[in-house]
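Undergrad: First, the structure itself, so that you have it in front of you.
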Amino acid sequence: MKKSIAILSFIFSLTSCSDDGSSLSQTPDLLSNNPGDIQSSLDTSKGEVGEDSYEIDTSVAGKDSEASLDTKEPEALDTKDTSESEPPEDSFNPEPEDSFIAEEELVCPEGSEAINAETDSGPGYSFTTPQNLNYTFECNLCPGGRDELDGLYRYYTPLNAEGECIASNCCKPNEDCGANGVQNETFLFEGSQWTRVTNVVGPPPGVYGGYYFCPEAKALNKFKEPALWTEIFVFETLPSQSQLTPGYSNPCHIEASGENSIFFECNPQWNTSLPIYYDLNFCKVGTVVDGFPCTDPFE
């Protein structure tokens, strides 16, 4: 029996070439947010599959001879769904988009407390200055205020070593200095709350109020002397004559200037190079300073 079987051939070629015939490899533009499209040119020309042909010579076989062909059905392909199968170990498996990344825990110095802008009253813990510089304060070094400051104070002019007041705007602790064209001013400290009454604006005297906290020096690192500013005063209430708005902040420095007096200096413009814009002395009402009783000028 003669049997002729045609030959099955496939030709598959993949080419990607530039105009000059060299191999072309494109990479996304990593310097922009719009990567280039990678283009490929595939030549998928296919060879023709010849038909299977069978020739049976029956001249030798008897007339009862019969040709038999193996017509066994091909085995079915395994079509099992593998979509849920685990990827190989070396395959790319990115982390879920909602994977949690723990934030670094804030640790404040001993005796201080963390400032939580969501729960603490007032907007002064993060502030943008007139120079458009932003300061964020995370720790309060005097939670509840400075105990030694509690009480009512009034503006006065200290005497020099000879017991004389040489300032042109001299104001004794027991005088109504407003009658002499000098400012009358008081400061009341109650915990971290403060109230200022002054005749600098008015009449009637202007009343300011708010709270203060004590920042870390590193939070004021843009300043020439960051450690100088030991308190940040935040304004919550303002007189109608004021051009400030609630939430305005003011870095200050308060220290004892005597047994019953304090020295008060502030930088209302947040100037980072000039350390002081104004400084005032206050005596504690009800005490004796420079031999004079310290009284409330508004009573």
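In the structure tokens, chains take letters A, B, ... by order of appearance, with residues numbered from 1 within each chain and ligands from 1 in the order shown.
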Per residue of range 122-160 of chain A within 6 Å of range 107-114 of chain A, what are the shortest atom pair and its distance in Å to one decimal, counting only C-alpha atoms, with rows by chain and residue number, as a Markdown table?
TA:
| residue | atom | partner | partner_atom | distance |
| --- | --- | --- | --- | --- |
| A:Glu138 | CA | A:Ala114 | CA | 5.8 |
| A:Cys139 | CA | A:Ala114 | CA | 4.5 |
| A:Asn140 | CA | A:Glu113 | CA | 5.4 |
| A:Leu141 | CA | A:Ser112 | CA | 4.4 |
Undergrad: If you keep N, CA and C atoms, can you produce a file of those selected residues as a JSON list (two decimals), in the first residue's frame?
TA:
[["chain", "number", "residue", "atom", "x", "y", "z"],
["A", 138, "GLU", "N", 3.70, 71.80, 67.16],
["A", 138, "GLU", "CA", 3.22, 70.46, 67.51],
["A", 138, "GLU", "C", 3.19, 70.21, 69.01],
["A", 139, "CYS", "N", 4.03, 70.92, 69.77],
["A", 139, "CYS", "CA", 4.11, 70.68, 71.21],
["A", 139, "CYS", "C", 3.93, 71.99, 71.98],
["A", 140, "ASN", "N", 3.21, 71.91, 73.09],
["A", 140, "ASN", "CA", 3.01, 73.06, 73.98],
["A", 140, "ASN", "C", 3.80, 72.80, 75.25],
["A", 141, "LEU", "N", 4.83, 73.63, 75.48],
["A", 141, "LEU", "CA", 5.70, 73.41, 76.63],
["A", 141, "LEU", "C", 5.10, 73.91, 77.94]]
Undergrad: Can you list, as a list in words, every protein, DNA or RNA residue that comes within 10 Å of Thr136 in chain A when you count only C-alpha atoms, leaving out same-chain residues fewer than 6 positions away?
TA: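 After dropping sequence-adjacent residues, the list is Ile115, Gly124, Tyr125, Ser126, Phe127, Thr128, Pro215, Ala219 and Leu220 of chain A.
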Undergrad: Here is a test: counting only C-alpha atoms, which residue of A:Phe233, A:Asn174, A:Leu238, A:Pro226 is nearest to Val207 in chain A?
TA: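 Comparing A:Phe233, A:Asn174, A:Leu238, A:Pro226 against Val207 in chain A, the winner is A:Leu238.
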Undergrad: Go through A:Gly286, A:Pro203, A:Gly247, A:Pro130 one by one, measure the shortest atom-to-atom distance of each to Ser261 in chain A using only C-alpha atoms, and give the residue with the smallest value.
TA: A:Gly286
Undergrad: Set the distance at 10 Å and use only C-alpha atoms: which residues neighbour Leu274 in chain A once local chain neighbours fewer than 4 positions away are removed? I'd like the list as a PyMOL selection string.
TA: chain A and resi 223-225+267+269-270
Undergrad: Rank nothing, just name the residue among A:Cys142, A:Gly210, A:Gln241, A:Lys222 nearest to Phe187 in chain A, using only C-alpha atoms.
TA: A:Gly210
